[in-house]
Amino acid sequence: MNDTSIKQFVNEIPRQARSPAAKKAVTLKEHIVEIISDSGEGAQRCGQSLGSIAARMGNGIWTVEIIPAEIRPPARSVAGASGNRIRLGSERITNGGDNTDLIVAFNEQALLGRVRAGELKPDCTILLESMWRDNKDPKITAAYIETCNQLVAAGYKVHEVPMERECLSVVADAHRGKNMFALGMLCSIYSLDMQLAREQIALTFGKKGQSIIEPNIKLLEAGFTWAEVNLDFKYRIPAVRSSEPQIVANGNTALALGVLASGMDICAMYPITPATSASHYLSDVFEKVGGIVHQAEDEIAACAFAIGASYAGKCAVTITSGPGYSLKQEGLGLAVMAEIPLVVVNVQRGGPSTGLPTKAEQGDLMAAIFGSHGDAPKVVMAASTIEDCFYSVITARKIAETFNMVVVLLTDANLATSQQPFPRPQFNKSWLAPPVDQSAIPAGAKPYDWDATTGLARRFIPGQPNGMHTVTGLTHDRLSHVAYDAEINEESIRARSLKLAALQKTLKTPPLFGDEKGDLLIIGWGSTKGAIEEAVESMRAEGCKVSSMHLRFLQPLPPGIKEVMQRFKKVMTIEGNWSDRPQDELIDETNRRYSAVATLLRARYLIDVDCWSEVMGQPIKPGTICRVIRDQLKKQAEAEQS
Amino acid sequence: MTMTATQCLLQMYDEHYDLEDYQSGVPRWCTGCGDNAILAAVQRLCRDENLRPEKTAFISGIGCSSRFPHYMKTYGFHGIHGRALPIAEGVKMARPDLHVFVNTGDGDCCSIGAAHWIHAIRYNMNMTVLLHDNQIYGLTKMQASPTTPLGTKSNTTPRGSYLAPLNPLSITLGVQNVSFVAQAVDWIPEMLYDIIKAAYHHKGFSFIRIVQRCPEWLPEMFEPWLHDPNRILVLNHENGLQVSASLSKVYKNLQAHDPSDLNRAREIASNLDPVPVGILYRNPDVPRYEEVRHAGQMRSTDLIEKGLNAEFDKFTVWPQETEAQTQPVM
C-alpha cells in the first residue's frame with residue numbers, strides 16, 4: 001500500500017463515537033513510558049509504533065528494547081519481561097533517560113521484574129491487565145492480588161485495566177491484539193494524533209492486507225476510547241514539528257544503511273547477538289543494490305572471506321559481537337600485515353566469554369586496539385548516536401581504503417536496539433567506493449613501496465597487469481618477497497605504524513560540550529554520549545563548572561586532547577566497562593585497573609585521569625552520571641578546602 | 001573501449017605466454033619434494049591454457065605446500081593456517097572473472113581448516129583446490145597430521161601415531177554438493193598434469209588430493225608404491241581420463257570407472273591399497289555459490305542511490321502536511 005491509499009483506507013474506517021469526557025491534559029516536558037509483556041505478545045511492536053507516531057508528531061524520542069535473554073522464557077515470569085521503553089520529549093532526546101513514569105504491563109510478574117530491577121520511578125503510574133484477578137488457577141489469582149496490593153502499598157499508582165475483556169468485544173483472539181489496544185490507550189494518555197496512529201498501523205501491517213489492518217485499528221480505537229472514559233489523567237507533550245524528513249531506525253538498521261551507502265558490496269558474517277539484526281536487514285536489502293551478505297561457516301571464515309573479497313576488489317565488511325571479534329583476531333593480524341583494507345563492526349555486548357549476550361557494555365575497546373599478536377596497528381572508531389552508526393560506516397570504509405588498514409567500528413547493544421530520529425541523509429556520490437582499479441601497473445612499481453613519511457603504499461589489485469605479486473602474512477619487503485632480514489622487519493613495522501600518525505594528522509580535536517575550562521572534564525566514547533551530555537547540561541544548570549568531550553576516534557587519538565584536559569582541574573572518564581573500585585580493601589593506586597579510555601589517556605598524556613564506570617548491562621543513566629559528577633565535585637571542593 | 005585491428009593482433013601476440021612467464025623465484029622445497037612436481041604441472045597448465053597471469057590467483061594457507069604462490073608469477077595470497085579456502089571464496093565472490101587456485105596441505109586443510117573444507121565443498125565455488133598430502137607436518141618439523149598412517153613415529157607420536165588417518169577422498173565425497181574429486185600422485189607427472197587440467201576445466205569446486213612424497217621426514221613412506229606400478233589403480237574411462245598407451249605399458253592395473261557414479265566413487269575412495277589415481281567423481285550440474293548469489297554484478301551509482309533512497313523511504317517520518325496539522329486530535 002502506498003501512502004495515499006493508506007490514508008484513504010483509514011479514512012473509510014468508521015470512527016467510534018468520541019468520548020464526551022473532556023479531560024484537561026497536563027503539559028509535560030518529557031515522559032518515560034514502558035510497555036511490557038511476555039515474549040511474543042507484541043509489546044515491542046506497540047512500543048515501536050508509539051515511538052514512530054510521536055516522532056511523526058515532532059516529539060523527540062528514544063526507544064530501548066527490553067529483551068529477555070531467552071527466545072521464549074516461561075509465561076508470566078519475572079525474568080521474562082519483553083517490551084519497549086520509550087522516552088518522549090518536547091525536544092530532541094539523546095538517550096533512554098532515567099526511570100519510568102508510566103508502564104503498561106500485560107501481567108504482574110513481568111511488571112515485578114521491572115520493579116525489582118529498580119527501573120520505575122517511586123510514584124510510577126501502572127496500567128495493569130486485570131484478567132489475572134479472575135484466573136481459574138487460584139495460585140495465579142493469589143499472586144496477582146498479592147502483587148497488586150504490594151505495588152499500591154509501595155506508592156505506585158496502579159490502574160487495573162480489563163484489556164483482555166475489552167479486546168474480546170472487538171476481536172475473537174485477544175492474545176494477538178492487546179498490543180494495539182495498549183497503543184490506543186497510550187495515544188489517549190499522551191494526546192497523540194489518532195489519524196497518525198491509524199496510518200502507522202496500516203504501515204506496520206501493510207504487507208498483511210486489510211483483513212489484518214482493520215481489526216487492529218478497531219483495537220486501537222477501543223483502547224483509546226477506554227482510556228478516554230476510564231482514566232482520570234491525560235498528558236500532552238508539546239512537539240515542534242520538524243520541517244525536514246527524519247529517519248526513525250535503530251542503530252543496527254542505521255549501520256546496515258551505512259553499509260549500503262558506503263558502496264561496499266560484500267558483507268561476511270556469522271550469526272551472533274546483538275550484531276545479527278544488522279545482517280538480517282542487510283540480507284533483505286543488500287542484493288537490491290548488487291551487494292551480497294555471506295553467512296560463513298564461522299567467525300574466522302567470515303573474517304577470511306571478507307579479507308579475500310577486499311584483497312580482490314572493494315573493501316568488504318564483517319559484522320560481529322565480542323566473542324566473534326575474538327575469533328577474528330588472527331585474520332585481522334593478516335589484514336594488517338598484508339595491508340588489506342577491511343571494515344570490522346563490533347556491536348559490543350557484555351563479556352567476557354558468553355557474558356551478557358543481549359546487554360550493553362563497552363568492554364571491547366582494548367581488544368579492538370591491542371588485539372591480534374605482534375604490533376598490529378588498526379584504526380578504532382566508536383559510533384555515539386544512531387545517526388553516527390550510519391555515517392561511521394561510510395567514514396570507516398574511506399579510511400580503510402585510503403590507508404589500506406583495518407578499521408574497527410565499535411557500537412553496542414544500546415545503540416543496536418535503540419531508535420532515535422535523525423535527519424534523512426542526502427545521498428552523496430562521494431560516499432561510494434570507486435570502481436576496482438584494473439589499470440596496468442607502471443613498470444618497476446613495487447607492491448609495498450612504503451612512503452618514508454606516511455608509510456602509505458599503493459595497493460595492487462588482482463587483474464592489474466604488471467602488478468603480479470604474492471601477498472603474505474610473513475614479514476616481507478617492498479616487493480612482497482618473504483624476508484627474514486631484521487632491518488626489513490623494522491622498516492615494514494615502522495611503515496604500518498606511521499599510517500596511524502598520518503591519519504591522526506587529518507583529525508580534528510573533538511569539540512567540547514560546555515565551557516572551554518572548568519573544574520571537571522568528563523570524557524566518554526560510544527553510546528554514552530547522549531546521557532553524559534544531558535547530565536553535564538543539567539549539572540551546568542545547577543552552576544557546576546563541568547564540561548564533556550566525546551571521542552569518536554580511539555585509535556589514533558585525535559590531536560589537541562592534552563591541551564583541552566590541561567584546562568580543567570580534574571579529568572574523569574565515564575564508561576560502560578570495568579574499573580576497580582577505589583574503596584575495595586585491596587585496591588590502591590599501584591594496582592587499580594582503570595577503565596579502558598582512562599588507561600589510554602593516562603598512558604598517552606601522563607595526566608592523572610580518573611574514571612567512573614559500571615557494568616550493569618544497561619545504558620548508563622543521566623541521573624547516575626549527575627550523581628557521579630556531584631560526588632566528584634564535592635570531593636574536589638573538600639580537597640581544596642583542606 | 002574499442003581497439004584497432006593492429007592492437008588486437010598485438011594483444012593476441014602479447015597474450016601468448018611461455019613457462020617462464022609463470023615462474024617466480026627459486027623454490028625452496030627440499031630436493032625430491034613432491035611439491036616441485038606439482039609446481040611444474042601447474043605452470044605447464046597455465047601455459048597450455050594461456051591463463052593471463054594478472055587474472056590468475058593462487059591462494060594458500062600455511063605449510064610447505066602453501067609456499068606455492070610465491071613461486072608463481074601470478075597474483076598470490078599466502079594467508080594464515082587453515083584459512084586458504086574462505087579467503088579464496090571471498091576472492092571468487094568479489095571477482096568471478098579471476099582464475100582461482102588453492103594450495104593447501106593435509107594439516108592446513110584436514111586439521112586446522114577442516115571446517116572450511118567441509119563448507120567449501122558445499123559452496124561449490126569455481127576453483128581448483130590442490131591438497132598437497134604428504135601425510136606429515138613438514139614446516140614445523142615432523143608431527144603427525146590427520147592423514148598420517150596409524151603407528152607412524154613422529155615428534156609428537158614418538159611411540160607411533162595413535163589414531164587411524166582420515167580419508168580426504170571419502171570425506172569430500174560424503175559432503176553435499178560435491179562436484180569434482182580426483183586423486184593424483186606426484187611421481188606420475190603425466191597423470192598429475194592431466195588430472196589438474198581436468199580439474200581446472202570443471203566448473204565448480206575441483207578437489208584433487210595429491211599424494212606427495214616428503215623425502216625429509218617420511219623418506220620410506222611411498223617407496224612400495226613407487227616401485228610397484230601395480231599398486232596404483234588407474235581409473236580409466238571415456239568420460240574421465242584415458243590413460244595413454246605409453247603409460248598403460250607401465251601402469252597395467254586399470255579400472256574402468258565412470259566419474260558420474262558417486263556410489264562407485266565412494267567405494268573406490270575407501271580402498272587405500274592399491275592407490276586409486278584418476279577422476280573419482282565429476283558432476284558439472286551442481287549449482288555454484290557465486291552464481292546462485294549473482295556475484296560480479298555491475299553496480300552503478302544510480303542503482304545504489306535508488307536502492308538507498310527506497311530504503312530510507314521505509315524509515316522516513318515526513319514532515320506533516322499543513323492540513324493534517326490543523327486537524328483536531330480525536
# chains A, B, ... in the order shown; residues from 1 in each chain; ligands from 1

$ interface_residues --of "chain B" --to "chain A" --cutoff "8 Å" --atoms "only C-alpha atoms" --output "NGL selection string"
:B and (53-57 or 69-70 or 73-80 or 83 or 86-95 or 98 or 115-116 or 119 or 293 or 295 or 297-299 or 301 or 303-305 or 307-309 or 311-312 or 315-320 or 329-330)

$ select_by_dssp --residues "region 38-286 of chain B" --states "strand (DSSP E)" --output "JSON, numbers by chain"
{"B": [56, 57, 58, 59, 60, 75, 76, 77, 78, 99, 100, 101, 102, 103, 104, 105, 127, 128, 129, 130, 131, 132, 133, 180, 181, 182, 183, 184, 185, 205, 206, 207, 208, 209, 210, 211, 232, 233, 234, 235, 236, 254, 255, 256, 275, 276, 277, 278, 279, 280, 281, 282]}

$ atom_distance --atom1 "CA of Ile35 (chain A)" --atom2 "CA of Glu146 (chain A)"
21.4 Å

$ select_by_dssp --residues "region 243-278 of chain B" --states "alpha helix (DSSP H)" --output "NGL selection string"
:B and (245-250 or 262-270)

$ closest_residue --among "B:Tyr193, B:Met221, B:Ser260, B:Val275" --to "Val234 (chain B)" --atoms "only C-alpha atoms"
B:Val275

$ closest_residue --among "B:Arg266, B:Lys153, B:Arg282, B:Lys252" --to "Phe207 (chain B)" --atoms "only C-alpha atoms"
B:Arg282

$ closest_residue --among "B:Gly61, B:Pro276, B:Gly32, B:Pro224" --to "Gln255 (chain B)" --atoms "only C-alpha atoms"
B:Pro276

$ atom_distance --atom1 "CA of Glu223 (chain B)" --atom2 "CA of Ile171 (chain B)"
25.8 Å

$ closest_residue --among "B:Ser66, B:Thr128, B:Gln183, B:Ser161" --to "Met142 (chain B)" --atoms "only C-alpha atoms"
B:Ser161

$ closest_residue --among "B:Asp18, B:Asp35, B:Glu49, B:Asp258" --to "Asn239 (chain B)" --atoms "only C-alpha atoms"
B:Asp258

$ closest_residue --among "A:Val393, A:Cys626, A:Cys167, A:Ile607" --to "Arg540 (chain A)" --atoms "only C-alpha atoms"
A:Cys626

$ atom_distance --atom1 "CA of Glu516 (chain A)" --atom2 "CA of Thr599 (chain A)"
23.3 Å

$ closest_atom_pairs --of "region 114-203 of chain A" --to "region 229-234 of chain A" --cutoff "12 Å" --atoms "only C-alpha atoms" --output "CSV"
residue,atom,partner,partner_atom,distance
A:Thr125,CA,A:Phe233,CA,10.4
A:Ile126,CA,A:Leu231,CA,11.8
A:Leu127,CA,A:Leu231,CA,10.0
A:Lys157,CA,A:Phe233,CA,11.5
A:Val158,CA,A:Leu231,CA,11.3
A:His159,CA,A:Leu231,CA,8.4
A:Glu160,CA,A:Leu231,CA,10.4
A:Val161,CA,A:Asn230,CA,9.1
A:Pro162,CA,A:Asn230,CA,10.9
A:Met185,CA,A:Leu231,CA,9.3
A:Leu186,CA,A:Lys234,CA,9.5
A:Cys187,CA,A:Lys234,CA,9.8
A:Ser188,CA,A:Lys234,CA,7.2
A:Ile189,CA,A:Lys234,CA,4.7
A:Tyr190,CA,A:Lys234,CA,6.3
A:Ser191,CA,A:Lys234,CA,7.2
A:Leu192,CA,A:Lys234,CA,10.6

$ write_last_selection --atoms "all heavy atoms" --output "tab-separated table (two decimals), in the first residue's frame"
chain	number	residue	atom	x	y	z
A	125	THR	N	3.11	5.46	37.34
A	125	THR	CA	1.75	5.04	37.02
A	125	THR	C	1.81	3.68	36.34
A	125	THR	O	2.59	3.48	35.40
A	125	THR	CB	1.10	6.06	36.06
A	125	THR	OG1	1.10	7.34	36.70
A	125	THR	CG2	-0.30	5.64	35.69
A	126	ILE	N	0.97	2.76	36.84
A	126	ILE	CA	0.98	1.40	36.29
A	126	ILE	C	-0.39	1.10	35.70
A	126	ILE	O	-1.42	1.27	36.38
A	126	ILE	CB	1.31	0.37	37.39
A	126	ILE	CG1	2.76	0.58	37.89
A	126	ILE	CG2	1.10	-1.05	36.89
A	126	ILE	CD1	3.11	-0.23	39.12
A	127	LEU	N	-0.42	0.70	34.44
A	127	LEU	CA	-1.65	0.21	33.84
A	127	LEU	C	-1.50	-1.29	33.68
A	127	LEU	O	-0.72	-1.76	32.87
A	127	LEU	CB	-1.87	0.87	32.47
A	127	LEU	CG	-2.03	2.39	32.49
A	127	LEU	CD1	-1.98	2.97	31.08
A	127	LEU	CD2	-3.33	2.79	33.16
A	157	LYS	N	0.96	4.20	41.44
A	157	LYS	CA	-0.43	4.48	41.08
A	157	LYS	C	-0.91	3.38	40.15
A	157	LYS	O	-0.60	3.40	38.95
A	157	LYS	CB	-0.53	5.83	40.37
A	157	LYS	CG	-0.12	7.00	41.23
A	157	LYS	CD	-0.14	8.27	40.39
A	157	LYS	CE	0.77	9.34	40.98
A	157	LYS	NZ	1.37	10.18	39.94
A	158	VAL	N	-1.59	2.41	40.72
A	158	VAL	CA	-1.97	1.24	39.93
A	158	VAL	C	-3.38	1.40	39.36
A	158	VAL	O	-4.32	1.69	40.11
A	158	VAL	CB	-1.90	-0.05	40.79
A	158	VAL	CG1	-2.27	-1.26	39.95
A	158	VAL	CG2	-0.50	-0.21	41.39
A	159	HIS	N	-3.47	1.26	38.05
A	159	HIS	CA	-4.79	1.23	37.39
A	159	HIS	C	-4.96	-0.13	36.78
A	159	HIS	O	-4.18	-0.52	35.91
A	159	HIS	CB	-4.87	2.29	36.29
A	159	HIS	CG	-4.70	3.69	36.80
A	159	HIS	ND1	-5.76	4.52	37.08
A	159	HIS	CD2	-3.57	4.39	37.09
A	159	HIS	CE1	-5.29	5.69	37.51
A	159	HIS	NE2	-3.96	5.63	37.53
A	160	GLU	N	-5.98	-0.85	37.26
A	160	GLU	CA	-6.22	-2.16	36.65
A	160	GLU	C	-7.06	-1.95	35.41
A	160	GLU	O	-8.08	-1.26	35.44
A	160	GLU	CB	-6.92	-3.07	37.64
A	160	GLU	CG	-6.01	-3.45	38.80
A	160	GLU	CD	-6.68	-4.42	39.74
A	160	GLU	OE1	-6.80	-5.60	39.39
A	160	GLU	OE2	-7.11	-3.96	40.82
A	161	VAL	N	-6.62	-2.57	34.31
A	161	VAL	CA	-7.30	-2.38	33.03
A	161	VAL	C	-7.76	-3.73	32.50
A	161	VAL	O	-6.94	-4.63	32.35
A	161	VAL	CB	-6.36	-1.72	32.00
A	161	VAL	CG1	-7.11	-1.43	30.70
A	161	VAL	CG2	-5.73	-0.45	32.56
A	162	PRO	N	-9.05	-3.87	32.21
A	162	PRO	CA	-9.53	-5.15	31.67
A	162	PRO	C	-9.23	-5.26	30.18
A	162	PRO	O	-10.15	-5.29	29.36
A	162	PRO	CB	-11.04	-5.09	31.95
A	162	PRO	CG	-11.38	-3.63	31.93
A	162	PRO	CD	-10.15	-2.90	32.40
A	185	MET	N	-4.67	3.20	24.16
A	185	MET	CA	-4.68	3.84	25.50
A	185	MET	C	-3.60	4.90	25.59
A	185	MET	O	-3.83	6.01	26.09
A	185	MET	CB	-4.43	2.78	26.59
A	185	MET	CG	-5.56	1.82	26.83
A	185	MET	SD	-5.40	1.02	28.45
A	185	MET	CE	-3.88	0.12	28.29
A	186	LEU	N	-2.41	4.54	25.10
A	186	LEU	CA	-1.29	5.48	25.20
A	186	LEU	C	-1.51	6.71	24.32
A	186	LEU	O	-1.10	7.82	24.67
A	186	LEU	CB	0.02	4.77	24.85
A	186	LEU	CG	0.44	3.72	25.89
A	186	LEU	CD1	1.54	2.81	25.35
A	186	LEU	CD2	0.90	4.38	27.19
A	187	CYS	N	-2.18	6.50	23.19
A	187	CYS	CA	-2.50	7.65	22.33
A	187	CYS	C	-3.43	8.61	23.06
A	187	CYS	O	-3.31	9.83	22.94
A	187	CYS	CB	-3.15	7.18	21.02
A	187	CYS	SG	-1.98	6.45	19.88
A	188	SER	N	-4.37	8.04	23.81
A	188	SER	CA	-5.28	8.88	24.59
A	188	SER	C	-4.50	9.59	25.70
A	188	SER	O	-4.59	10.81	25.86
A	188	SER	CB	-6.40	8.03	25.18
A	188	SER	OG	-6.96	8.67	26.32
A	189	ILE	N	-3.70	8.82	26.43
A	189	ILE	CA	-3.00	9.38	27.58
A	189	ILE	C	-2.07	10.53	27.16
A	189	ILE	O	-1.99	11.55	27.82
A	189	ILE	CB	-2.20	8.28	28.31
A	189	ILE	CG1	-3.17	7.28	28.96
A	189	ILE	CG2	-1.25	8.87	29.36
A	189	ILE	CD1	-2.52	6.01	29.48
A	190	TYR	N	-1.38	10.34	26.02
A	190	TYR	CA	-0.42	11.35	25.60
A	190	TYR	C	-0.96	12.27	24.50
A	190	TYR	O	-0.20	12.97	23.84
A	190	TYR	CB	0.89	10.68	25.17
A	190	TYR	CG	1.60	10.07	26.35
A	190	TYR	CD1	1.54	8.70	26.59
A	190	TYR	CD2	2.26	10.87	27.28
A	190	TYR	CE1	2.15	8.14	27.70
A	190	TYR	CE2	2.86	10.33	28.39
A	190	TYR	CZ	2.81	8.97	28.61
A	190	TYR	OH	3.40	8.44	29.72
A	191	SER	N	-2.27	12.26	24.33
A	191	SER	CA	-2.93	13.15	23.36
A	191	SER	C	-2.28	13.07	21.97
A	191	SER	O	-2.02	14.09	21.33
A	191	SER	CB	-2.88	14.62	23.83
A	191	SER	OG	-3.28	14.71	25.17
A	192	LEU	N	-2.01	11.84	21.54
A	192	LEU	CA	-1.37	11.69	20.23
A	192	LEU	C	-2.44	11.68	19.14
A	192	LEU	O	-3.60	11.37	19.37
A	192	LEU	CB	-0.56	10.40	20.17
A	192	LEU	CG	0.62	10.33	21.15
A	192	LEU	CD1	1.34	8.99	21.04
A	192	LEU	CD2	1.61	11.47	20.92

$ decode --residues "region 169-180 of chain B" --atoms "all heavy atoms" --output "PDB file, in the first residue's frame"
ATOM      1  N   LEU B 169      39.491 -38.276   0.546  1.00  0.00           N
ATOM      2  CA  LEU B 169      38.601 -38.530  -0.593  1.00  0.00           C
ATOM      3  C   LEU B 169      37.206 -38.914  -0.110  1.00  0.00           C
ATOM      4  O   LEU B 169      36.193 -38.401  -0.592  1.00  0.00           O
ATOM      5  CB  LEU B 169      39.159 -39.655  -1.469  1.00  0.00           C
ATOM      6  CG  LEU B 169      40.490 -39.390  -2.163  1.00  0.00           C
ATOM      7  CD1 LEU B 169      40.925 -40.631  -2.934  1.00  0.00           C
ATOM      8  CD2 LEU B 169      40.366 -38.189  -3.100  1.00  0.00           C
ATOM      9  N   SER B 170      37.169 -39.819   0.869  1.00  0.00           N
ATOM     10  CA  SER B 170      35.862 -40.263   1.379  1.00  0.00           C
ATOM     11  C   SER B 170      35.109 -39.104   1.992  1.00  0.00           C
ATOM     12  O   SER B 170      33.894 -38.975   1.820  1.00  0.00           O
ATOM     13  CB  SER B 170      36.049 -41.344   2.445  1.00  0.00           C
ATOM     14  OG  SER B 170      36.609 -42.487   1.854  1.00  0.00           O
ATOM     15  N   ILE B 171      35.835 -38.272   2.721  1.00  0.00           N
ATOM     16  CA  ILE B 171      35.170 -37.133   3.365  1.00  0.00           C
ATOM     17  C   ILE B 171      34.605 -36.195   2.306  1.00  0.00           C
ATOM     18  O   ILE B 171      33.436 -35.811   2.361  1.00  0.00           O
ATOM     19  CB  ILE B 171      36.152 -36.397   4.298  1.00  0.00           C
ATOM     20  CG1 ILE B 171      36.417 -37.288   5.521  1.00  0.00           C
ATOM     21  CG2 ILE B 171      35.591 -35.043   4.731  1.00  0.00           C
ATOM     22  CD1 ILE B 171      37.509 -36.796   6.421  1.00  0.00           C
ATOM     23  N   THR B 172      35.423 -35.870   1.332  1.00  0.00           N
ATOM     24  CA  THR B 172      34.958 -34.941   0.294  1.00  0.00           C
ATOM     25  C   THR B 172      33.756 -35.527  -0.446  1.00  0.00           C
ATOM     26  O   THR B 172      32.777 -34.825  -0.722  1.00  0.00           O
ATOM     27  CB  THR B 172      36.106 -34.628  -0.679  1.00  0.00           C
ATOM     28  OG1 THR B 172      37.227 -34.195   0.078  1.00  0.00           O
ATOM     29  CG2 THR B 172      35.714 -33.541  -1.654  1.00  0.00           C
ATOM     30  N   LEU B 173      33.827 -36.825  -0.730  1.00  0.00           N
ATOM     31  CA  LEU B 173      32.727 -37.454  -1.466  1.00  0.00           C
ATOM     32  C   LEU B 173      31.467 -37.593  -0.613  1.00  0.00           C
ATOM     33  O   LEU B 173      30.399 -37.897  -1.137  1.00  0.00           O
ATOM     34  CB  LEU B 173      33.172 -38.847  -1.962  1.00  0.00           C
ATOM     35  CG  LEU B 173      34.141 -38.824  -3.146  1.00  0.00           C
ATOM     36  CD1 LEU B 173      34.815 -40.189  -3.314  1.00  0.00           C
ATOM     37  CD2 LEU B 173      33.417 -38.419  -4.431  1.00  0.00           C
ATOM     38  N   GLY B 174      31.612 -37.379   0.698  1.00  0.00           N
ATOM     39  CA  GLY B 174      30.454 -37.531   1.570  1.00  0.00           C
ATOM     40  C   GLY B 174      29.700 -36.233   1.800  1.00  0.00           C
ATOM     41  O   GLY B 174      28.656 -36.228   2.455  1.00  0.00           O
ATOM     42  N   VAL B 175      30.221 -35.134   1.287  1.00  0.00           N
ATOM     43  CA  VAL B 175      29.606 -33.837   1.590  1.00  0.00           C
ATOM     44  C   VAL B 175      28.635 -33.421   0.483  1.00  0.00           C
ATOM     45  O   VAL B 175      28.917 -33.602  -0.700  1.00  0.00           O
ATOM     46  CB  VAL B 175      30.705 -32.753   1.787  1.00  0.00           C
ATOM     47  CG1 VAL B 175      30.078 -31.392   2.053  1.00  0.00           C
ATOM     48  CG2 VAL B 175      31.621 -33.138   2.935  1.00  0.00           C
ATOM     49  N   GLN B 176      27.531 -32.867   0.896  1.00  0.00           N
ATOM     50  CA  GLN B 176      26.526 -32.364  -0.041  1.00  0.00           C
ATOM     51  C   GLN B 176      27.165 -31.388  -1.027  1.00  0.00           C
ATOM     52  O   GLN B 176      28.006 -30.583  -0.635  1.00  0.00           O
ATOM     53  CB  GLN B 176      25.431 -31.639   0.757  1.00  0.00           C
ATOM     54  CG  GLN B 176      24.191 -31.307  -0.020  1.00  0.00           C
ATOM     55  CD  GLN B 176      23.398 -32.550  -0.361  1.00  0.00           C
ATOM     56  OE1 GLN B 176      23.448 -33.528   0.364  1.00  0.00           O
ATOM     57  NE2 GLN B 176      22.693 -32.508  -1.474  1.00  0.00           N
ATOM     58  N   ASN B 177      26.760 -31.474  -2.279  1.00  0.00           N
ATOM     59  CA  ASN B 177      27.221 -30.559  -3.336  1.00  0.00           C
ATOM     60  C   ASN B 177      28.614 -30.876  -3.865  1.00  0.00           C
ATOM     61  O   ASN B 177      29.169 -30.077  -4.609  1.00  0.00           O
ATOM     62  CB  ASN B 177      27.218 -29.082  -2.883  1.00  0.00           C
ATOM     63  CG  ASN B 177      25.822 -28.511  -2.891  1.00  0.00           C
ATOM     64  OD1 ASN B 177      24.900 -29.138  -3.399  1.00  0.00           O
ATOM     65  ND2 ASN B 177      25.658 -27.329  -2.346  1.00  0.00           N
ATOM     66  N   VAL B 178      29.175 -32.013  -3.473  1.00  0.00           N
ATOM     67  CA  VAL B 178      30.485 -32.360  -4.030  1.00  0.00           C
ATOM     68  C   VAL B 178      30.349 -32.413  -5.555  1.00  0.00           C
ATOM     69  O   VAL B 178      29.343 -32.892  -6.081  1.00  0.00           O
ATOM     70  CB  VAL B 178      30.989 -33.711  -3.456  1.00  0.00           C
ATOM     71  CG1 VAL B 178      30.031 -34.846  -3.745  1.00  0.00           C
ATOM     72  CG2 VAL B 178      32.384 -34.026  -3.989  1.00  0.00           C
ATOM     73  N   SER B 179      31.342 -31.853  -6.261  1.00  0.00           N
ATOM     74  CA  SER B 179      31.179 -31.842  -7.712  1.00  0.00           C
ATOM     75  C   SER B 179      32.392 -32.346  -8.480  1.00  0.00           C
ATOM     76  O   SER B 179      32.272 -32.726  -9.638  1.00  0.00           O
ATOM     77  CB  SER B 179      30.789 -30.446  -8.201  1.00  0.00           C
ATOM     78  OG  SER B 179      31.892 -29.579  -8.175  1.00  0.00           O
ATOM     79  N   PHE B 180      33.573 -32.371  -7.856  1.00  0.00           N
ATOM     80  CA  PHE B 180      34.737 -32.925  -8.559  1.00  0.00           C
ATOM     81  C   PHE B 180      35.737 -33.426  -7.536  1.00  0.00           C
ATOM     82  O   PHE B 180      36.212 -32.661  -6.698  1.00  0.00           O
ATOM     83  CB  PHE B 180      35.396 -31.868  -9.451  1.00  0.00           C
ATOM     84  CG  PHE B 180      36.535 -32.408 -10.290  1.00  0.00           C
ATOM     85  CD1 PHE B 180      36.340 -32.701 -11.638  1.00  0.00           C
ATOM     86  CD2 PHE B 180      37.798 -32.619  -9.739  1.00  0.00           C
ATOM     87  CE1 PHE B 180      37.393 -33.211 -12.409  1.00  0.00           C
ATOM     88  CE2 PHE B 180      38.839 -33.129 -10.506  1.00  0.00           C
ATOM     89  CZ  PHE B 180      38.635 -33.426 -11.843  1.00  0.00           C
TER      90      PHE B 180
END
